[in-house]
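Chemist: Below is target-v8.cif; it holds mmCIF, C-alpha atoms.
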data_entry
#
loop_
_atom_site.group_PDB
_atom_site.id
_atom_site.type_symbol
_atom_site.label_atom_id
_atom_site.label_comp_id
_atom_site.auth_asym_id
_atom_site.auth_seq_id
_atom_site.Cartn_x
_atom_site.Cartn_y
_atom_site.Cartn_z
ATOM 1 C CA MET A 10 -5.236 -20.849 -9.644
ATOM 2 C CA ALA A 11 -8.217 -23.182 -9.571
ATOM 3 C CA ALA A 12 -9.574 -24.789 -6.423
ATOM 4 C CA ALA A 13 -8.554 -28.198 -7.734
ATOM 5 C CA SER A 14 -4.876 -27.248 -7.589
ATOM 6 C CA ILE A 15 -4.896 -26.118 -3.949
ATOM 7 C CA PRO A 16 -2.192 -28.023 -2.047
ATOM 8 C CA THR A 17 -2.453 -29.791 1.282
ATOM 9 C CA ILE A 18 -2.086 -27.183 4.023
ATOM 10 C CA PRO A 19 1.138 -27.693 5.993
ATOM 11 C CA SER A 20 1.679 -26.964 9.696
ATOM 12 C CA HIS A 21 4.889 -25.026 9.066
ATOM 13 C CA ILE A 22 5.711 -22.698 6.193
ATOM 14 C CA LYS A 23 8.446 -20.657 4.553
ATOM 15 C CA ALA A 24 8.452 -17.009 5.628
ATOM 16 C CA TRP A 25 10.807 -14.054 5.780
ATOM 17 C CA VAL A 26 11.110 -13.215 9.487
ATOM 18 C CA TYR A 27 12.998 -11.057 11.943
ATOM 19 C CA SER A 28 13.552 -11.757 15.641
ATOM 20 C CA GLU A 29 14.990 -8.357 16.576
ATOM 21 C CA TYR A 30 14.555 -4.809 15.325
ATOM 22 C CA GLY A 31 17.040 -3.304 12.908
ATOM 23 C CA ASN A 32 17.855 -2.793 9.237
ATOM 24 C CA SER A 33 16.419 -5.359 6.858
ATOM 25 C CA SER A 34 19.908 -6.238 5.628
ATOM 26 C CA ASP A 35 20.868 -7.225 9.190
ATOM 27 C CA VAL A 36 17.778 -8.803 10.721
ATOM 28 C CA LEU A 37 15.628 -10.301 7.931
ATOM 29 C CA ARG A 38 16.124 -14.026 7.274
ATOM 30 C CA LEU A 39 14.288 -16.827 5.496
ATOM 31 C CA ASP A 40 12.737 -19.343 7.911
ATOM 32 C CA SER A 41 11.622 -22.627 6.332
ATOM 33 C CA ASN A 42 9.852 -23.827 9.491
ATOM 34 C CA PHE A 43 7.652 -20.922 10.642
ATOM 35 C CA ALA A 44 4.358 -21.893 12.270
ATOM 36 C CA ILE A 45 1.287 -21.393 10.064
ATOM 37 C CA PRO A 46 -1.248 -18.970 11.618
ATOM 38 C CA GLN A 47 -4.257 -20.388 13.445
ATOM 39 C CA LEU A 48 -7.480 -19.549 11.623
ATOM 40 C CA LYS A 49 -10.110 -17.515 13.506
ATOM 41 C CA GLU A 50 -13.843 -17.794 12.797
ATOM 42 C CA ASP A 51 -13.997 -14.525 10.821
ATOM 43 C CA GLN A 52 -10.834 -15.195 8.799
ATOM 44 C CA VAL A 53 -9.783 -16.932 5.604
ATOM 45 C CA LEU A 54 -6.490 -18.715 5.141
ATOM 46 C CA LEU A 55 -4.694 -17.565 2.000
ATOM 47 C CA LYS A 56 -2.077 -19.276 -0.096
ATOM 48 C CA VAL A 57 -0.083 -16.145 -0.844
ATOM 49 C CA ALA A 58 0.698 -15.554 -4.521
ATOM 50 C CA ALA A 59 2.257 -12.073 -4.311
ATOM 51 C CA ALA A 60 3.006 -9.372 -1.756
ATOM 52 C CA SER A 61 4.077 -5.758 -2.124
ATOM 53 C CA LEU A 62 6.290 -3.763 0.199
ATOM 54 C CA ASN A 63 5.438 -0.510 1.929
ATOM 55 C CA ARG A 64 7.305 2.080 3.945
ATOM 56 C CA ILE A 65 5.454 0.897 7.050
ATOM 57 C CA ASP A 66 7.151 -2.514 6.674
ATOM 58 C CA TYR A 67 10.680 -1.230 7.088
ATOM 59 C CA MET A 68 9.710 1.350 9.724
ATOM 60 C CA ARG A 69 8.068 -1.403 11.761
ATOM 61 C CA MET A 70 11.155 -3.608 11.266
ATOM 62 C CA GLY A 71 13.298 -0.720 12.474
ATOM 63 C CA GLY A 72 11.377 -0.607 15.761
ATOM 64 C CA PHE A 73 9.622 2.721 15.221
ATOM 65 C CA PHE A 74 6.293 1.255 16.436
ATOM 66 C CA LYS A 75 7.541 -1.299 18.966
ATOM 67 C CA ASP A 76 5.277 0.014 21.738
ATOM 68 C CA THR A 77 2.218 -1.209 19.824
ATOM 69 C CA ASP A 78 3.821 -4.025 17.843
ATOM 70 C CA SER A 79 3.122 -7.742 18.103
ATOM 71 C CA PRO A 80 5.696 -10.060 19.700
ATOM 72 C CA LEU A 81 8.775 -11.060 17.726
ATOM 73 C CA PRO A 82 9.687 -13.100 15.729
ATOM 74 C CA THR A 83 7.374 -11.849 12.995
ATOM 75 C CA ALA A 84 6.979 -12.106 9.234
ATOM 76 C CA PRO A 85 6.432 -8.642 7.687
ATOM 77 C CA GLY A 86 4.096 -7.705 4.861
ATOM 78 C CA TYR A 87 0.745 -5.877 4.691
ATOM 79 C CA ASP A 88 -0.305 -6.146 1.030
ATOM 80 C CA VAL A 89 -1.431 -9.533 -0.257
ATOM 81 C CA ALA A 90 -2.921 -11.231 -3.297
ATOM 82 C CA GLY A 91 -3.670 -14.923 -3.177
ATOM 83 C CA VAL A 92 -6.110 -17.828 -3.157
ATOM 84 C CA VAL A 93 -8.480 -18.829 -0.349
ATOM 85 C CA VAL A 94 -7.617 -22.347 0.850
ATOM 86 C CA LYS A 95 -9.717 -22.479 4.038
ATOM 87 C CA VAL A 96 -12.536 -20.388 5.545
ATOM 88 C CA GLY A 97 -13.572 -19.744 9.141
ATOM 89 C CA SER A 98 -17.042 -20.719 10.320
ATOM 90 C CA GLU A 99 -18.399 -17.142 10.155
ATOM 91 C CA VAL A 100 -17.096 -16.308 6.662
ATOM 92 C CA LYS A 101 -19.859 -15.572 4.130
ATOM 93 C CA LYS A 102 -18.245 -13.622 1.284
ATOM 94 C CA PHE A 103 -15.542 -16.037 0.158
ATOM 95 C CA LYS A 104 -15.140 -19.730 -0.524
ATOM 96 C CA VAL A 105 -12.187 -22.013 -1.133
ATOM 97 C CA GLY A 106 -10.599 -21.270 -4.514
ATOM 98 C CA ASN A 107 -11.540 -17.552 -4.625
ATOM 99 C CA GLU A 108 -8.799 -15.170 -5.785
ATOM 100 C CA VAL A 109 -8.613 -12.192 -3.409
ATOM 101 C CA TYR A 110 -6.514 -9.195 -2.430
ATOM 102 C CA GLY A 111 -6.305 -6.719 0.425
ATOM 103 C CA VAL A 112 -4.380 -5.283 3.377
ATOM 104 C CA ILE A 113 -4.023 -7.951 6.068
ATOM 105 C CA ASN A 114 -4.015 -5.556 9.065
ATOM 106 C CA GLU A 115 -7.013 -3.363 9.847
ATOM 107 C CA LYS A 116 -5.021 -0.939 12.026
ATOM 108 C CA GLY A 117 -1.521 -0.732 10.626
ATOM 109 C CA LEU A 118 0.289 0.100 13.865
ATOM 110 C CA ASP A 119 -1.920 -1.706 16.384
ATOM 111 C CA HIS A 120 -0.503 -5.209 16.924
ATOM 112 C CA PRO A 121 -0.173 -6.219 13.264
ATOM 113 C CA LYS A 122 -0.235 -9.900 12.435
ATOM 114 C CA VAL A 123 2.755 -12.057 13.368
ATOM 115 C CA VAL A 124 2.488 -13.893 10.040
ATOM 116 C CA GLY A 125 2.409 -11.198 7.371
ATOM 117 C CA SER A 126 2.163 -11.541 3.618
ATOM 118 C CA LEU A 127 5.851 -12.343 3.053
ATOM 119 C CA ALA A 128 5.044 -15.963 3.823
ATOM 120 C CA GLU A 129 3.562 -18.928 1.976
ATOM 121 C CA TYR A 130 0.270 -18.600 3.890
ATOM 122 C CA THR A 131 -1.412 -15.899 5.960
ATOM 123 C CA ALA A 132 -4.768 -15.594 7.757
ATOM 124 C CA VAL A 133 -6.887 -12.495 7.114
ATOM 125 C CA GLU A 134 -10.263 -11.209 8.322
ATOM 126 C CA GLU A 135 -12.941 -11.490 5.656
ATOM 127 C CA LYS A 136 -13.836 -7.772 5.913
ATOM 128 C CA LEU A 137 -10.320 -6.717 4.904
ATOM 129 C CA LEU A 138 -10.379 -8.554 1.570
ATOM 130 C CA ALA A 139 -12.041 -8.150 -1.807
ATOM 131 C CA HIS A 140 -12.372 -10.353 -4.870
ATOM 132 C CA LYS A 141 -9.444 -9.784 -7.227
ATOM 133 C CA PRO A 142 -10.572 -8.076 -10.440
ATOM 134 C CA PRO A 143 -10.143 -10.579 -13.288
ATOM 135 C CA ASN A 144 -8.119 -8.121 -15.393
ATOM 136 C CA LEU A 145 -5.388 -7.950 -12.730
ATOM 137 C CA SER A 146 -2.681 -10.567 -12.344
ATOM 138 C CA PHE A 147 -1.685 -11.537 -8.801
ATOM 139 C CA LEU A 148 1.472 -9.479 -9.327
ATOM 140 C CA GLU A 149 -0.574 -6.389 -10.224
ATOM 141 C CA ALA A 150 -3.244 -6.969 -7.572
ATOM 142 C CA ALA A 151 -0.665 -7.132 -4.768
ATOM 143 C CA SER A 152 0.505 -3.629 -5.684
ATOM 144 C CA PHE A 153 -2.895 -2.062 -5.015
ATOM 145 C CA PRO A 154 -4.390 -2.462 -1.555
ATOM 146 C CA LEU A 155 -2.523 -0.363 1.023
ATOM 147 C CA ALA A 156 -1.559 2.390 -1.410
ATOM 148 C CA VAL A 157 -4.923 2.767 -3.153
ATOM 149 C CA GLU A 158 -6.878 2.520 0.122
ATOM 150 C CA THR A 159 -4.613 5.172 1.675
ATOM 151 C CA ALA A 160 -5.124 7.441 -1.339
ATOM 152 C CA TYR A 161 -8.889 6.950 -1.172
ATOM 153 C CA GLU A 162 -9.168 7.484 2.585
ATOM 154 C CA GLY A 163 -7.024 10.620 2.400
ATOM 155 C CA LEU A 164 -9.149 12.142 -0.356
ATOM 156 C CA GLU A 165 -12.314 11.307 1.588
ATOM 157 C CA ARG A 166 -10.950 12.845 4.794
ATOM 158 C CA ALA A 167 -10.040 16.006 2.869
ATOM 159 C CA GLY A 168 -13.586 16.246 1.522
ATOM 160 C CA PHE A 169 -12.273 16.172 -2.031
ATOM 161 C CA SER A 170 -14.906 16.429 -4.751
ATOM 162 C CA ALA A 171 -15.535 17.303 -8.396
ATOM 163 C CA GLY A 172 -14.251 20.689 -9.488
ATOM 164 C CA LYS A 173 -11.604 21.023 -6.777
ATOM 165 C CA SER A 174 -7.874 21.324 -7.425
ATOM 166 C CA ILE A 175 -5.165 19.220 -5.791
ATOM 167 C CA LEU A 176 -1.388 19.181 -5.379
ATOM 168 C CA VAL A 177 0.152 15.758 -4.736
ATOM 169 C CA LEU A 178 3.555 15.746 -3.021
ATOM 170 C CA GLY A 179 5.355 12.570 -4.017
ATOM 171 C CA GLY A 180 3.277 11.922 -7.118
ATOM 172 C CA ALA A 181 5.418 9.064 -8.431
ATOM 173 C CA GLY A 182 5.423 7.034 -5.210
ATOM 174 C CA GLY A 183 3.156 4.134 -4.314
ATOM 175 C CA VAL A 184 0.410 6.292 -2.761
ATOM 176 C CA GLY A 185 0.934 9.349 -4.956
ATOM 177 C CA THR A 186 0.383 7.472 -8.223
ATOM 178 C CA PHE A 187 -3.036 6.399 -6.955
ATOM 179 C CA VAL A 188 -3.944 9.845 -5.569
ATOM 180 C CA ILE A 189 -3.450 11.299 -9.066
ATOM 181 C CA GLN A 190 -5.522 8.566 -10.730
ATOM 182 C CA LEU A 191 -8.371 8.711 -8.200
ATOM 183 C CA ALA A 192 -8.450 12.526 -8.253
ATOM 184 C CA LYS A 193 -8.792 12.441 -12.029
ATOM 185 C CA HIS A 194 -11.097 9.492 -12.713
ATOM 186 C CA VAL A 195 -13.116 9.010 -9.510
ATOM 187 C CA TYR A 196 -13.388 12.558 -8.128
ATOM 188 C CA ARG A 197 -13.035 14.521 -11.403
ATOM 189 C CA ALA A 198 -10.629 17.173 -10.151
ATOM 190 C CA SER A 199 -10.506 20.504 -11.945
ATOM 191 C CA LYS A 200 -6.694 20.534 -11.863
ATOM 192 C CA ILE A 201 -4.039 18.095 -10.646
ATOM 193 C CA ALA A 202 -0.475 19.166 -9.883
ATOM 194 C CA ALA A 203 2.131 16.714 -8.608
ATOM 195 C CA THR A 204 5.807 16.690 -7.667
ATOM 196 C CA SER A 205 8.530 14.248 -8.650
ATOM 197 C CA SER A 206 12.160 14.147 -9.741
ATOM 198 C CA THR A 207 13.030 15.040 -13.345
ATOM 199 C CA ARG A 208 12.998 11.504 -14.737
ATOM 200 C CA LYS A 209 9.496 10.780 -13.401
ATOM 201 C CA LEU A 210 7.694 13.836 -14.822
ATOM 202 C CA GLU A 211 6.472 11.916 -17.877
ATOM 203 C CA LEU A 212 4.872 9.307 -15.605
ATOM 204 C CA LEU A 213 2.961 12.063 -13.786
ATOM 205 C CA ARG A 214 1.579 13.280 -17.135
ATOM 206 C CA ASP A 215 0.632 9.734 -18.133
ATOM 207 C CA LEU A 216 -1.265 9.291 -14.868
ATOM 208 C CA GLY A 217 -3.292 12.454 -15.429
ATOM 209 C CA ALA A 218 -1.368 15.301 -13.800
ATOM 210 C CA ASP A 219 -2.015 18.634 -15.529
ATOM 211 C CA LEU A 220 0.978 20.299 -13.897
ATOM 212 C CA PRO A 221 4.001 18.042 -13.220
ATOM 213 C CA ILE A 222 6.492 19.861 -10.957
ATOM 214 C CA ASP A 223 10.188 18.964 -10.849
ATOM 215 C CA TYR A 224 11.049 19.352 -7.171
ATOM 216 C CA THR A 225 14.768 19.458 -8.022
ATOM 217 C CA LYS A 226 14.226 22.682 -9.976
ATOM 218 C CA GLU A 227 11.090 24.352 -8.559
ATOM 219 C CA ASN A 228 9.675 25.126 -5.142
ATOM 220 C CA TYR A 229 5.991 24.275 -5.385
ATOM 221 C CA GLU A 230 5.113 26.666 -2.535
ATOM 222 C CA ASP A 231 6.387 29.584 -4.642
ATOM 223 C CA LEU A 232 3.916 28.937 -7.472
ATOM 224 C CA PRO A 233 1.320 31.707 -7.875
ATOM 225 C CA GLU A 234 -1.406 29.072 -8.126
ATOM 226 C CA LYS A 235 -2.745 27.585 -4.872
ATOM 227 C CA PHE A 236 -4.789 24.415 -4.368
ATOM 228 C CA ASP A 237 -7.964 23.298 -2.586
ATOM 229 C CA VAL A 238 -6.208 20.197 -1.248
ATOM 230 C CA VAL A 239 -2.540 19.338 -0.805
ATOM 231 C CA PHE A 240 -1.956 15.592 -0.337
ATOM 232 C CA ASP A 241 1.411 15.190 1.375
ATOM 233 C CA ALA A 242 2.870 11.711 0.858
ATOM 234 C CA VAL A 243 6.457 12.712 1.667
ATOM 235 C CA GLY A 244 6.365 14.551 5.014
ATOM 236 C CA GLU A 245 6.537 18.243 4.009
ATOM 237 C CA THR A 246 3.464 19.488 5.844
ATOM 238 C CA GLU A 247 4.870 22.889 6.771
ATOM 239 C CA ARG A 248 5.697 23.698 3.134
ATOM 240 C CA ALA A 249 2.381 22.197 2.018
ATOM 241 C CA PHE A 250 0.401 24.897 3.855
ATOM 242 C CA LYS A 251 2.058 27.539 1.674
ATOM 243 C CA ALA A 252 0.648 25.872 -1.452
ATOM 244 C CA MET A 253 -2.894 25.661 -0.067
ATOM 245 C CA LYS A 254 -5.743 28.006 -0.952
ATOM 246 C CA GLU A 255 -7.362 29.962 1.849
ATOM 247 C CA GLY A 256 -9.926 27.595 3.327
ATOM 248 C CA GLY A 257 -8.166 24.607 1.760
ATOM 249 C CA LYS A 258 -6.927 21.441 3.435
ATOM 250 C CA VAL A 259 -3.647 19.594 3.832
ATOM 251 C CA VAL A 260 -3.772 15.846 4.373
ATOM 252 C CA THR A 261 -0.629 13.892 5.239
ATOM 253 C CA ILE A 262 0.250 10.241 5.748
ATOM 254 C CA VAL A 263 3.593 11.024 7.384
ATOM 255 C CA PRO A 264 3.373 11.530 11.167
ATOM 256 C CA PRO A 265 3.521 13.687 13.149
ATOM 257 C CA GLY A 266 2.244 16.393 10.777
ATOM 258 C CA ILE A 267 1.491 19.938 11.887
ATOM 259 C CA PRO A 268 -1.994 21.150 12.898
ATOM 260 C CA PRO A 269 -4.371 21.831 11.288
ATOM 261 C CA ALA A 270 -3.182 19.204 8.788
ATOM 262 C CA ILE A 271 -5.253 16.025 8.644
ATOM 263 C CA VAL A 272 -2.845 13.265 9.705
ATOM 264 C CA PHE A 273 -3.965 9.664 9.452
ATOM 265 C CA ILE A 274 -2.838 6.053 9.309
ATOM 266 C CA LEU A 275 -5.028 3.886 7.101
ATOM 267 C CA THR A 276 -7.829 1.864 8.655
ATOM 268 C CA SER A 277 -8.003 -0.956 6.127
ATOM 269 C CA ASP A 278 -11.364 -1.993 4.688
ATOM 270 C CA GLY A 279 -12.066 -4.373 1.811
ATOM 271 C CA SER A 280 -15.111 -2.280 0.898
ATOM 272 C CA TYR A 281 -12.750 0.444 -0.390
ATOM 273 C CA LEU A 282 -11.437 -2.020 -2.964
ATOM 274 C CA GLU A 283 -14.982 -3.056 -3.905
ATOM 275 C CA LYS A 284 -15.997 0.607 -4.412
ATOM 276 C CA LEU A 285 -13.029 1.219 -6.691
ATOM 277 C CA ARG A 286 -13.435 -2.060 -8.605
ATOM 278 C CA PRO A 287 -15.307 -0.529 -11.608
ATOM 279 C CA TYR A 288 -12.459 1.940 -12.176
ATOM 280 C CA VAL A 289 -9.878 -0.850 -11.927
ATOM 281 C CA GLU A 290 -11.791 -3.186 -14.264
ATOM 282 C CA SER A 291 -12.212 -0.401 -16.837
ATOM 283 C CA GLY A 292 -8.471 0.300 -16.731
ATOM 284 C CA LYS A 293 -8.926 3.899 -15.569
ATOM 285 C CA VAL A 294 -7.111 3.143 -12.311
ATOM 286 C CA LYS A 295 -4.108 0.975 -13.060
ATOM 287 C CA PRO A 296 -1.198 -0.560 -11.195
ATOM 288 C CA ILE A 297 2.145 1.229 -11.368
ATOM 289 C CA LEU A 298 4.981 -1.217 -10.744
ATOM 290 C CA ASP A 299 8.542 -0.171 -10.110
ATOM 291 C CA PRO A 300 10.715 -1.133 -13.118
ATOM 292 C CA LYS A 301 12.680 -3.551 -10.905
ATOM 293 C CA SER A 302 9.504 -5.423 -9.921
ATOM 294 C CA PRO A 303 8.871 -8.216 -9.425
ATOM 295 C CA PHE A 304 11.521 -9.489 -7.056
ATOM 296 C CA PRO A 305 11.441 -13.264 -6.567
ATOM 297 C CA PHE A 306 10.693 -14.502 -3.039
ATOM 298 C CA SER A 307 14.352 -15.491 -2.601
ATOM 299 C CA GLN A 308 15.369 -11.844 -3.198
ATOM 300 C CA THR A 309 13.077 -10.227 -0.627
ATOM 301 C CA LYS A 310 16.073 -8.619 1.108
ATOM 302 C CA GLU A 311 17.053 -6.975 -2.187
ATOM 303 C CA ALA A 312 13.469 -5.747 -2.568
ATOM 304 C CA PHE A 313 13.678 -4.084 0.856
ATOM 305 C CA ALA A 314 17.039 -2.542 -0.012
ATOM 306 C CA HIS A 315 15.454 -0.947 -3.091
ATOM 307 C CA LEU A 316 12.450 0.274 -1.071
ATOM 308 C CA GLU A 317 14.742 1.850 1.508
ATOM 309 C CA THR A 318 16.432 4.046 -1.115
ATOM 310 C CA ASN A 319 13.132 6.005 -1.303
ATOM 311 C CA ARG A 320 13.663 6.142 -5.055
ATOM 312 C CA ALA A 321 11.138 3.535 -6.174
ATOM 313 C CA THR A 322 8.551 4.441 -8.809
ATOM 314 C CA GLY A 323 5.158 2.993 -7.938
ATOM 315 C CA LYS A 324 5.152 -0.303 -6.056
ATOM 316 C CA ILE A 325 7.748 -2.971 -5.317
ATOM 317 C CA VAL A 326 6.251 -6.460 -5.526
ATOM 318 C CA VAL A 327 7.577 -9.852 -4.414
ATOM 319 C CA TYR A 328 6.338 -12.551 -6.794
ATOM 320 C CA PRO A 329 5.938 -15.453 -7.098
ATOM 321 C CA ILE A 330 5.716 -16.640 -3.505
ATOM 322 C CA PRO A 331 6.257 -20.427 -3.538
#
So, in terms of structure tokens, how does the structure I just supplied come out?
Modeler:
Amino acid sequence: MAAASIPTIPSHIKAWVYSEYGNSSDVLRLDSNFAIPQLKEDQVLLKVAAASLNRIDYMRMGGFFKDTDSPLPTAPGYDVAGVVVKVGSEVKKFKVGNEVYGVINEKGLDHPKVVGSLAEYTAVEEKLLAHKPPNLSFLEAASFPLAVETAYEGLERAGFSAGKSILVLGGAGGVGTFVIQLAKHVYRASKIAATSSTRKLELLRDLGADLPIDYTKENYEDLPEKFDVVFDAVGETERAFKAMKEGGKVVTIVPPGIPPAIVFILTSDGSYLEKLRPYVESGKVKPILDPKSPFPFSQTKEAFAHLETNRATGKIVVYPIP
């Protein structure tokens, strides 16, 4: 989208919103008159092109984090890809017309933005965004930020490095698909094992897993081989310890975890995306979209329903956003 085609910025926008906590099927509704966010000095205003859904979206909607949530009503959505239409006075990295992507909330559970990415426009701090690689469409770019940043931060926290082995629990999910790719191409793992259901084993091989494990037929903790790092993306920390080498580490993104596992919630940073850009541009790290993606903006509730089955492969993306 070129700068010349940027529309006049309205005062009210279309957004998917909820005014009470509950299941997406009950509380999510399309509001055609939601107030556009006020731009702060360190932010850019984005015309949203695409947004992807994450587990944190429906958990937040369900009220799991209401003690630290922002006031309702709110428009959900963390992942965004879009075009800069206005910049705050302190913004240096971007200008109007730039195509960008990122996670719109720095701390996922600490008062996330009231106007998320499932809206026509959203305002985002400059430091949370990166220039969209030219080889990615908006649809593909929206699938990256939260999942790939979470994969990267988890591997960094675990001290992962060349020559180490890793087991990825939930290898076919949004985060797991990126953990496999980063472990292989960025960190140069000595061996990558990953779990999935039977029908997703081929995907694990395609992504670079040396040992795909069918969790419906095998217990990974019973394997004779143990691993330097176990990356738990499904919430099986107790079992994960049994698959870890002595002196190894377990990292999990599913609270509460069990000590001494490394439990974390992503602190978003656009610099992560910039660091990984060469691997994305070369095609070594690629987007994995769920076969049902994209869902049109009008079918956002159906997209959430699919996410909530916990059976998605890769990422669920809403595109185009009008």
Chemist: Given the file shown, enumerate the residues that the PyMOL selection byres ((chain A and resi 181-188) around 7) captures and present them as a PyMOL selection string.
Modeler: chain A and resi 156-157+159-160+177+179-180+189-192+205+209+213+242+321-324
Chemist: Pick from A:Gly217, A:Val112, A:Thr261, A:Ala202: nearest to Phe236 of chain A, with only C-alpha atoms counted?
Modeler: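 Counting only C-alpha atoms, the residue closest to Phe236 of chain A is A:Ala202.
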Chemist: Output the residue selection produced by the PyMOL selection byres ((chain A and resi 169) around 12) on the file above, formatted as a short mmCIF file (atom, residue, chain, number, x, y, z; two decimals) with C-alpha atoms, keeping the file's coordinate frame.
Modeler:
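Printed below is part_6.cif as written:
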data_model
loop_
_atom_site.label_atom_id
_atom_site.label_comp_id
_atom_site.auth_asym_id
_atom_site.auth_seq_id
_atom_site.Cartn_x
_atom_site.Cartn_y
_atom_site.Cartn_z
CA ALA A 160 -5.12 7.44 -1.34
CA TYR A 161 -8.89 6.95 -1.17
CA GLU A 162 -9.17 7.48 2.58
CA GLY A 163 -7.02 10.62 2.40
CA LEU A 164 -9.15 12.14 -0.36
CA GLU A 165 -12.31 11.31 1.59
CA ARG A 166 -10.95 12.84 4.79
CA ALA A 167 -10.04 16.01 2.87
CA GLY A 168 -13.59 16.25 1.52
CA SER A 170 -14.91 16.43 -4.75
CA ALA A 171 -15.54 17.30 -8.40
CA GLY A 172 -14.25 20.69 -9.49
CA LYS A 173 -11.60 21.02 -6.78
CA SER A 174 -7.87 21.32 -7.42
CA ILE A 175 -5.16 19.22 -5.79
CA LEU A 176 -1.39 19.18 -5.38
CA VAL A 188 -3.94 9.85 -5.57
CA LEU A 191 -8.37 8.71 -8.20
CA ALA A 192 -8.45 12.53 -8.25
CA LYS A 193 -8.79 12.44 -12.03
CA VAL A 195 -13.12 9.01 -9.51
CA TYR A 196 -13.39 12.56 -8.13
CA ARG A 197 -13.04 14.52 -11.40
CA ALA A 198 -10.63 17.17 -10.15
CA SER A 199 -10.51 20.50 -11.94
CA PHE A 236 -4.79 24.42 -4.37
CA ASP A 237 -7.96 23.30 -2.59
CA VAL A 238 -6.21 20.20 -1.25
CA VAL A 239 -2.54 19.34 -0.80
CA PHE A 240 -1.96 15.59 -0.34
CA GLY A 257 -8.17 24.61 1.76
CA LYS A 258 -6.93 21.44 3.44
CA VAL A 259 -3.65 19.59 3.83
CA VAL A 260 -3.77 15.85 4.37
#
Chemist: Report as a ChimeraX atom specification all protein, DNA and RNA residues lying within 12 Å of Pro264 of chain A, evaluated on all atoms listed in the file, omitting residues in the same chain fewer than 5 positions from it.
Modeler: /A:65,73-74,241-246,270-274
Chemist: What's around segment 325-327 of chain A at 10 Å? Count all atoms listed in the file, leave out sequence neighbours fewer than 5 positions away in its own chain, and write the answer as a VMD selection string.
Modeler: chain A and resid 58 to 63 88 to 89 126 to 127 147 to 152 183 297 to 309 312 to 313 315 to 316
Chemist: Need to verify the contact set: Pro142 of chain A, 8 Å, all atoms listed in the file, exclusion of same-chain residues closer than 3 positions in sequence. Can you return it as a list in words?
Modeler: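 So, after excluding close chain neighbours, the residues are Leu145, Ala150, Arg286, Val289 and Glu290 of chain A.
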Chemist: So, with all atoms listed in the file as the atoms that count, which of A:Pro143, A:Gly72, A:Gly292, A:Pro46 lies closest to Pro19 of chain A?
Modeler: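 Going through A:Pro143, A:Gly72, A:Gly292, A:Pro46 one by one, the smallest distance to Pro19 of chain A is for A:Pro46.
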Chemist: One decimal, Å: what's the distance from atom CA of Leu54 of chain A over to atom CA of Pro154 of chain A, could you say?
Modeler: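 For atom CA of Leu54 of chain A relative to atom CA of Pro154 of chain A, the distance reads 17.7 Å.
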Chemist: Which residue out of A:Lys101, A:Lys284, A:His21, A:Lys122 has the minimum interatomic distance to Ile45 of chain A when all atoms listed in the file are used?
Modeler: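 Using all atoms listed in the file, Ile45 of chain A sits closest to A:His21.
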Chemist: Show me, as a ChimeraX atom specification, the residues that have an atom within 12 Å of Lys95 of chain A when counting only C-alpha atoms, minus same-chain residues fewer than 5 positions from it.
Modeler: /A:12,15-18,46-56,100,103-107,130-133,135
Chemist: Hey, can you check how far atom CA of Ala24 of chain A sits from atom CA of Lys310 of chain A?
Modeler: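 Straight-line distance from atom CA of Ala24 of chain A to atom CA of Lys310 of chain A works out to 12.2 Å.
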Chemist: Find the distance between atom CA of Val94 of chain A and atom CA of Val124 of chain A and write it in Å to one decimal.
Modeler: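 Taking atom CA of Val94 of chain A as the start and atom CA of Val124 of chain A as the end point, the length is 16.1 Å.
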Chemist: Between A:Met70, A:Ala203, A:Ile330, A:Ile267, which one has atoms that come closest to Ile22 of chain A, using all atoms listed in the file?
Modeler: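 Closest to Ile22 of chain A of all the choices is A:Ile330.
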Chemist: Do a neighbour search on Lys23 of chain A at 7 Å with only C-alpha atoms, toss out local chain neighbours closer than 4 positions, and write the hits as a list in words.
Modeler: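 So, after excluding close chain neighbours, the residues are Asp40, Ser41, Asn42, Phe43, Ala128 and Glu129 of chain A.
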Chemist: Can you spit out the residues from that selection as a PDB file, in the frame of the given file, using C-alpha atoms?
Modeler:
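Written output follows (part28.pdb):
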ATOM      1  CA  ASP A  40      12.737 -19.343   7.911  1.00  0.00           C
ATOM      2  CA  SER A  41      11.622 -22.627   6.332  1.00  0.00           C
ATOM      3  CA  ASN A  42       9.852 -23.827   9.491  1.00  0.00           C
ATOM      4  CA  PHE A  43       7.652 -20.922  10.642  1.00  0.00           C
ATOM      5  CA  ALA A 128       5.044 -15.963   3.823  1.00  0.00           C
ATOM      6  CA  GLU A 129       3.562 -18.928   1.976  1.00  0.00           C
TER       7      GLU A 129
END
